[in-house]
>>> print(open('protein.cif').read())   # mmCIF, C-alpha atoms; chains and numbers go by the auth columns
data_work
#
loop_
_atom_site.group_PDB
_atom_site.id
_atom_site.type_symbol
_atom_site.label_atom_id
_atom_site.label_comp_id
_atom_site.label_asym_id
_atom_site.label_seq_id
_atom_site.Cartn_x
_atom_site.Cartn_y
_atom_site.Cartn_z
_atom_site.B_iso_or_equiv
_atom_site.auth_seq_id
_atom_site.auth_asym_id
ATOM 1 C CA MET A 1 0.000 0.000 0.000 0.00 1 A
ATOM 2 C CA GLN A 2 1.315 3.390 -0.989 0.00 2 A
ATOM 3 C CA PRO A 3 1.005 6.123 1.671 0.00 3 A
ATOM 4 C CA ARG A 4 -0.990 9.229 0.815 0.00 4 A
ATOM 5 C CA HIS A 5 0.900 12.511 0.534 0.00 5 A
ATOM 6 C CA TYR A 6 -0.227 13.763 3.966 0.00 6 A
ATOM 7 C CA GLN A 7 0.903 10.486 5.561 0.00 7 A
ATOM 8 C CA THR A 8 4.320 10.840 3.953 0.00 8 A
ATOM 9 C CA ASP A 9 4.449 14.488 5.086 0.00 9 A
ATOM 10 C CA ALA A 10 3.593 13.514 8.693 0.00 10 A
ATOM 11 C CA HIS A 11 6.224 10.766 8.665 0.00 11 A
ATOM 12 C CA GLN A 12 8.897 13.070 7.264 0.00 12 A
ATOM 13 C CA ALA A 13 8.038 15.821 9.763 0.00 13 A
ATOM 14 C CA ALA A 14 8.343 13.368 12.663 0.00 14 A
ATOM 15 C CA ILE A 15 11.689 12.033 11.479 0.00 15 A
ATOM 16 C CA GLU A 16 13.114 15.495 10.750 0.00 16 A
ATOM 17 C CA HIS A 17 12.126 16.633 14.245 0.00 17 A
ATOM 18 C CA MET A 18 13.853 13.609 15.788 0.00 18 A
ATOM 19 C CA LYS A 19 17.019 14.326 13.834 0.00 19 A
ATOM 20 C CA ARG A 20 17.106 17.913 15.169 0.00 20 A
ATOM 21 C CA SER A 21 15.893 17.501 18.729 0.00 21 A
ATOM 22 C CA LEU A 22 15.325 15.153 21.636 0.00 22 A
ATOM 23 C CA ASP A 23 12.242 17.153 22.617 0.00 23 A
ATOM 24 C CA PRO A 24 8.908 15.331 22.503 0.00 24 A
ATOM 25 C CA GLN A 25 6.634 16.010 19.577 0.00 25 A
ATOM 26 C CA VAL A 26 2.944 15.646 18.847 0.00 26 A
ATOM 27 C CA LEU A 27 1.389 14.817 15.502 0.00 27 A
ATOM 28 C CA VAL A 28 -2.277 15.782 15.486 0.00 28 A
ATOM 29 C CA LEU A 29 -4.083 13.644 12.933 0.00 29 A
ATOM 30 C CA PRO A 30 -7.832 13.414 12.348 0.00 30 A
ATOM 31 C CA CYS A 31 -9.909 10.235 12.364 0.00 31 A
ATOM 32 C CA GLY A 32 -9.558 8.344 9.117 0.00 32 A
ATOM 33 C CA SER A 33 -6.122 9.754 8.317 0.00 33 A
ATOM 34 C CA GLY A 34 -4.379 6.382 8.516 0.00 34 A
ATOM 35 C CA LYS A 35 -2.637 6.796 11.859 0.00 35 A
ATOM 36 C CA SER A 36 -1.783 3.077 11.990 0.00 36 A
ATOM 37 C CA LEU A 37 0.193 3.426 8.777 0.00 37 A
ATOM 38 C CA ILE A 38 1.965 6.571 10.012 0.00 38 A
ATOM 39 C CA ILE A 39 2.789 4.859 13.322 0.00 39 A
ATOM 40 C CA SER A 40 4.242 1.921 11.371 0.00 40 A
ATOM 41 C CA MET A 41 6.306 4.208 9.148 0.00 41 A
ATOM 42 C CA VAL A 42 7.690 6.194 12.081 0.00 42 A
ATOM 43 C CA ALA A 43 8.409 3.084 14.188 0.00 43 A
ATOM 44 C CA LYS A 44 10.265 1.445 11.305 0.00 44 A
ATOM 45 C CA SER A 45 12.320 4.572 10.612 0.00 45 A
ATOM 46 C CA VAL A 46 13.200 5.131 14.271 0.00 46 A
ATOM 47 C CA TRP A 47 14.353 1.537 14.655 0.00 47 A
ATOM 48 C CA GLU A 48 16.402 1.717 11.435 0.00 48 A
ATOM 49 C CA MET A 49 18.059 4.977 12.544 0.00 49 A
ATOM 50 C CA SER A 50 18.763 4.078 16.161 0.00 50 A
ATOM 51 C CA LYS A 51 18.729 0.258 16.392 0.00 51 A
ATOM 52 C CA LYS A 52 16.949 0.845 19.715 0.00 52 A
ATOM 53 C CA ARG A 53 13.606 -0.524 20.843 0.00 53 A
ATOM 54 C CA VAL A 54 10.512 1.370 19.768 0.00 54 A
ATOM 55 C CA VAL A 55 7.498 1.152 22.071 0.00 55 A
ATOM 56 C CA CYS A 56 4.096 1.930 20.541 0.00 56 A
ATOM 57 C CA THR A 57 1.296 2.442 23.051 0.00 57 A
ATOM 58 C CA ALA A 58 -2.454 2.739 22.713 0.00 58 A
ATOM 59 C CA PRO A 59 -5.125 3.070 25.392 0.00 59 A
ATOM 60 C CA ARG A 60 -7.153 0.036 24.274 0.00 60 A
ATOM 61 C CA ALA A 61 -6.323 -3.520 23.216 0.00 61 A
ATOM 62 C CA LYS A 62 -8.282 -3.125 19.955 0.00 62 A
ATOM 63 C CA LEU A 63 -5.978 -0.291 18.863 0.00 63 A
ATOM 64 C CA VAL A 64 -2.925 -2.305 19.909 0.00 64 A
ATOM 65 C CA GLU A 65 -4.082 -5.168 17.685 0.00 65 A
ATOM 66 C CA GLN A 66 -4.846 -2.801 14.790 0.00 66 A
ATOM 67 C CA ASN A 67 -1.491 -1.020 14.940 0.00 67 A
ATOM 68 C CA HIS A 68 0.400 -4.300 15.357 0.00 68 A
ATOM 69 C CA ALA A 69 -1.421 -5.878 12.393 0.00 69 A
ATOM 70 C CA LYS A 70 -0.657 -2.862 10.194 0.00 70 A
ATOM 71 C CA TYR A 71 3.040 -3.063 11.103 0.00 71 A
ATOM 72 C CA LEU A 72 3.133 -6.811 10.369 0.00 72 A
ATOM 73 C CA SER A 73 1.345 -6.266 7.040 0.00 73 A
ATOM 74 C CA TYR A 74 4.523 -4.629 5.743 0.00 74 A
ATOM 75 C CA GLY A 75 6.544 -7.776 6.413 0.00 75 A
ATOM 76 C CA LEU A 76 8.001 -6.343 9.622 0.00 76 A
ATOM 77 C CA LYS A 77 8.295 -8.096 12.979 0.00 77 A
ATOM 78 C CA ALA A 78 6.921 -6.782 16.245 0.00 78 A
ATOM 79 C CA SER A 79 5.826 -8.020 19.645 0.00 79 A
ATOM 80 C CA ILE A 80 2.648 -7.386 21.635 0.00 80 A
ATOM 81 C CA TYR A 81 2.844 -6.595 25.352 0.00 81 A
ATOM 82 C CA CYS A 82 -0.757 -6.306 26.523 0.00 82 A
ATOM 83 C CA ALA A 83 -2.317 -7.929 29.595 0.00 83 A
ATOM 84 C CA SER A 84 -5.883 -7.809 28.267 0.00 84 A
ATOM 85 C CA LEU A 85 -4.761 -9.702 25.136 0.00 85 A
ATOM 86 C CA LYS A 86 -2.928 -12.205 27.371 0.00 86 A
ATOM 87 C CA ARG A 87 0.293 -11.583 25.459 0.00 87 A
ATOM 88 C CA LYS A 88 3.483 -10.293 27.032 0.00 88 A
ATOM 89 C CA GLU A 89 6.147 -10.672 24.368 0.00 89 A
ATOM 90 C CA LEU A 90 9.360 -8.669 24.183 0.00 90 A
ATOM 91 C CA ARG A 91 11.359 -10.620 21.615 0.00 91 A
ATOM 92 C CA HIS A 92 11.231 -7.975 18.860 0.00 92 A
ATOM 93 C CA ASP A 93 12.656 -4.457 18.774 0.00 93 A
ATOM 94 C CA VAL A 94 9.252 -2.899 18.075 0.00 94 A
ATOM 95 C CA VAL A 95 6.659 -3.530 20.785 0.00 95 A
ATOM 96 C CA PHE A 96 2.957 -2.655 20.713 0.00 96 A
ATOM 97 C CA GLY A 97 1.028 -2.564 23.993 0.00 97 A
ATOM 98 C CA THR A 98 -1.562 -0.806 26.067 0.00 98 A
ATOM 99 C CA THR A 99 -0.311 2.205 27.923 0.00 99 A
ATOM 100 C CA GLN A 100 -1.221 0.831 31.352 0.00 100 A
ATOM 101 C CA THR A 101 0.409 -2.578 30.819 0.00 101 A
ATOM 102 C CA LEU A 102 3.590 -0.946 29.549 0.00 102 A
ATOM 103 C CA LEU A 103 3.659 1.527 32.450 0.00 103 A
ATOM 104 C CA ASN A 104 3.234 -1.325 34.913 0.00 104 A
ATOM 105 C CA SER A 105 6.132 -3.193 33.293 0.00 105 A
ATOM 106 C CA ALA A 106 8.466 -0.320 32.470 0.00 106 A
ATOM 107 C CA ASP A 107 11.312 -2.052 34.288 0.00 107 A
ATOM 108 C CA LYS A 108 11.202 -4.858 31.682 0.00 108 A
ATOM 109 C CA LEU A 109 11.715 -2.474 28.758 0.00 109 A
ATOM 110 C CA ASN A 110 15.343 -1.717 27.989 0.00 110 A
ATOM 111 C CA ASN A 111 17.256 0.112 25.282 0.00 111 A
ATOM 112 C CA VAL A 112 14.208 2.197 24.308 0.00 112 A
ATOM 113 C CA GLY A 113 14.882 4.774 21.625 0.00 113 A
ATOM 114 C CA ALA A 114 11.350 6.123 21.232 0.00 114 A
ATOM 115 C CA ILE A 115 7.828 5.844 22.550 0.00 115 A
ATOM 116 C CA ILE A 116 4.974 6.414 20.117 0.00 116 A
ATOM 117 C CA ILE A 117 1.619 7.103 21.757 0.00 117 A
ATOM 118 C CA ASP A 118 -1.595 6.588 19.809 0.00 118 A
ATOM 119 C CA GLU A 119 -4.460 8.690 21.149 0.00 119 A
ATOM 120 C CA ALA A 120 -2.207 10.556 23.548 0.00 120 A
ATOM 121 C CA THR A 121 -5.071 12.365 25.265 0.00 121 A
ATOM 122 C CA ALA A 122 -6.683 9.035 26.176 0.00 122 A
ATOM 123 C CA SER A 123 -3.382 7.600 27.403 0.00 123 A
ATOM 124 C CA ARG A 124 -2.919 9.934 30.352 0.00 124 A
ATOM 125 C CA ARG A 125 -2.474 8.314 33.694 0.00 125 A
ATOM 126 C CA PRO A 126 -5.454 9.080 35.958 0.00 126 A
ATOM 127 C CA SER A 127 -4.690 11.833 38.436 0.00 127 A
ATOM 128 C CA ARG A 128 -4.706 11.012 42.106 0.00 128 A
ATOM 129 C CA SER A 129 -6.576 13.675 43.973 0.00 129 A
#
>>> encode(input="protein.cif", output="structure tokens")
Amino acid sequence: MQPRHYQTDAHQAAIEHMKRSLDPQVLVLPCGSGKSLIISMVAKSVWEMSKKRVVCTAPRAKLVEQNHAKYLSYGLKASIYCASLKRKELRHDVVFGTTQTLLNSADKLNNVGAIIIDEATASRRPSRS
């Protein structure tokens, strides 16, 4: 599948930012824009550039499965680390998981070069008031 021009632009913008800065960045993309493809493109590029683990989080297991499947559809290898899917695999350098499961197991993740968060506003840790 060939990415659309705006997907290529988002990917290039993310990679250019990473080359210039270690500061976090946010890509704001509307529903239906092919975020799973963009996540796959960015994860692949980050791993190729750094040879460090890339962790891709999502707030729900369904999104984890969707993003993981999209990544695999390009012939790439990735693990799933998600308690609700009853899978806790860390054998590949790109790992897809729910935000909460990954936070609870942060000590098991090593050599991480980047964290990609799908639906960042939904992935916030609940505040303790």
>>> residues_around(input="protein.cif", residues="stretch 38-53 of chain A", least_positions_apart="2", cutoff="9 Å", atoms="all atoms listed in the file", output="PyMOL selection string")
chain A and resi 3+7-8+10-12+14-15+18+33-36+55-56+67-68+70-72+74+76+92-95+109-118
>>> write_last_selection(input="protein.cif", atoms="C-alpha atoms", output="mmCIF file, in the coordinates of the input")
data_model
loop_
_atom_site.group_PDB
_atom_site.id
_atom_site.type_symbol
_atom_site.label_atom_id
_atom_site.label_comp_id
_atom_site.auth_asym_id
_atom_site.auth_seq_id
_atom_site.Cartn_x
_atom_site.Cartn_y
_atom_site.Cartn_z
ATOM 1 C CA PRO A 3 1.005 6.123 1.671
ATOM 2 C CA GLN A 7 0.903 10.486 5.561
ATOM 3 C CA THR A 8 4.320 10.840 3.953
ATOM 4 C CA ALA A 10 3.593 13.514 8.693
ATOM 5 C CA HIS A 11 6.224 10.766 8.665
ATOM 6 C CA GLN A 12 8.897 13.070 7.264
ATOM 7 C CA ALA A 14 8.343 13.368 12.663
ATOM 8 C CA ILE A 15 11.689 12.033 11.479
ATOM 9 C CA MET A 18 13.853 13.609 15.788
ATOM 10 C CA SER A 33 -6.122 9.754 8.317
ATOM 11 C CA GLY A 34 -4.379 6.382 8.516
ATOM 12 C CA LYS A 35 -2.637 6.796 11.859
ATOM 13 C CA SER A 36 -1.783 3.077 11.990
ATOM 14 C CA VAL A 55 7.498 1.152 22.071
ATOM 15 C CA CYS A 56 4.096 1.930 20.541
ATOM 16 C CA ASN A 67 -1.491 -1.020 14.940
ATOM 17 C CA HIS A 68 0.400 -4.300 15.357
ATOM 18 C CA LYS A 70 -0.657 -2.862 10.194
ATOM 19 C CA TYR A 71 3.040 -3.063 11.103
ATOM 20 C CA LEU A 72 3.133 -6.811 10.369
ATOM 21 C CA TYR A 74 4.523 -4.629 5.743
ATOM 22 C CA LEU A 76 8.001 -6.343 9.622
ATOM 23 C CA HIS A 92 11.231 -7.975 18.860
ATOM 24 C CA ASP A 93 12.656 -4.457 18.774
ATOM 25 C CA VAL A 94 9.252 -2.899 18.075
ATOM 26 C CA VAL A 95 6.659 -3.530 20.785
ATOM 27 C CA LEU A 109 11.715 -2.474 28.758
ATOM 28 C CA ASN A 110 15.343 -1.717 27.989
ATOM 29 C CA ASN A 111 17.256 0.112 25.282
ATOM 30 C CA VAL A 112 14.208 2.197 24.308
ATOM 31 C CA GLY A 113 14.882 4.774 21.625
ATOM 32 C CA ALA A 114 11.350 6.123 21.232
ATOM 33 C CA ILE A 115 7.828 5.844 22.550
ATOM 34 C CA ILE A 116 4.974 6.414 20.117
ATOM 35 C CA ILE A 117 1.619 7.103 21.757
ATOM 36 C CA ASP A 118 -1.595 6.588 19.809
#
>>> atom_distance(input="protein.cif", atom1="atom CA of A:Ala13", atom2="atom CA of A:Leu37")
14.7 Å
>>> closest_residue(input="protein.cif", among="A:Asp9, A:Glu65, A:Glu119, A:Asp23", to="A:Cys82", atoms="all atoms listed in the file")
A:Glu65
>>> resolve_selection(input="protein.cif", expression="the PyMOL selection byres ((chain A and resi 98) around 6)", output="PyMOL selection string")
chain A and resi 57-60+82+97+99-101
>>> resolve_selection(input="protein.cif", expression="the PyMOL selection byres ((chain A and resi 81) around 7)", output="JSON, numbers by chain")
{"A": [79, 80, 82, 83, 87, 88, 89, 90, 95, 96, 97]}
>>> atom_distance(input="protein.cif", atom1="atom CA of A:His17", atom2="atom CA of A:Cys31")
23.0 Å
>>> atom_distance(input="protein.cif", atom1="atom CA of A:Ser84", atom2="atom CA of A:Lys62")
9.8 Å
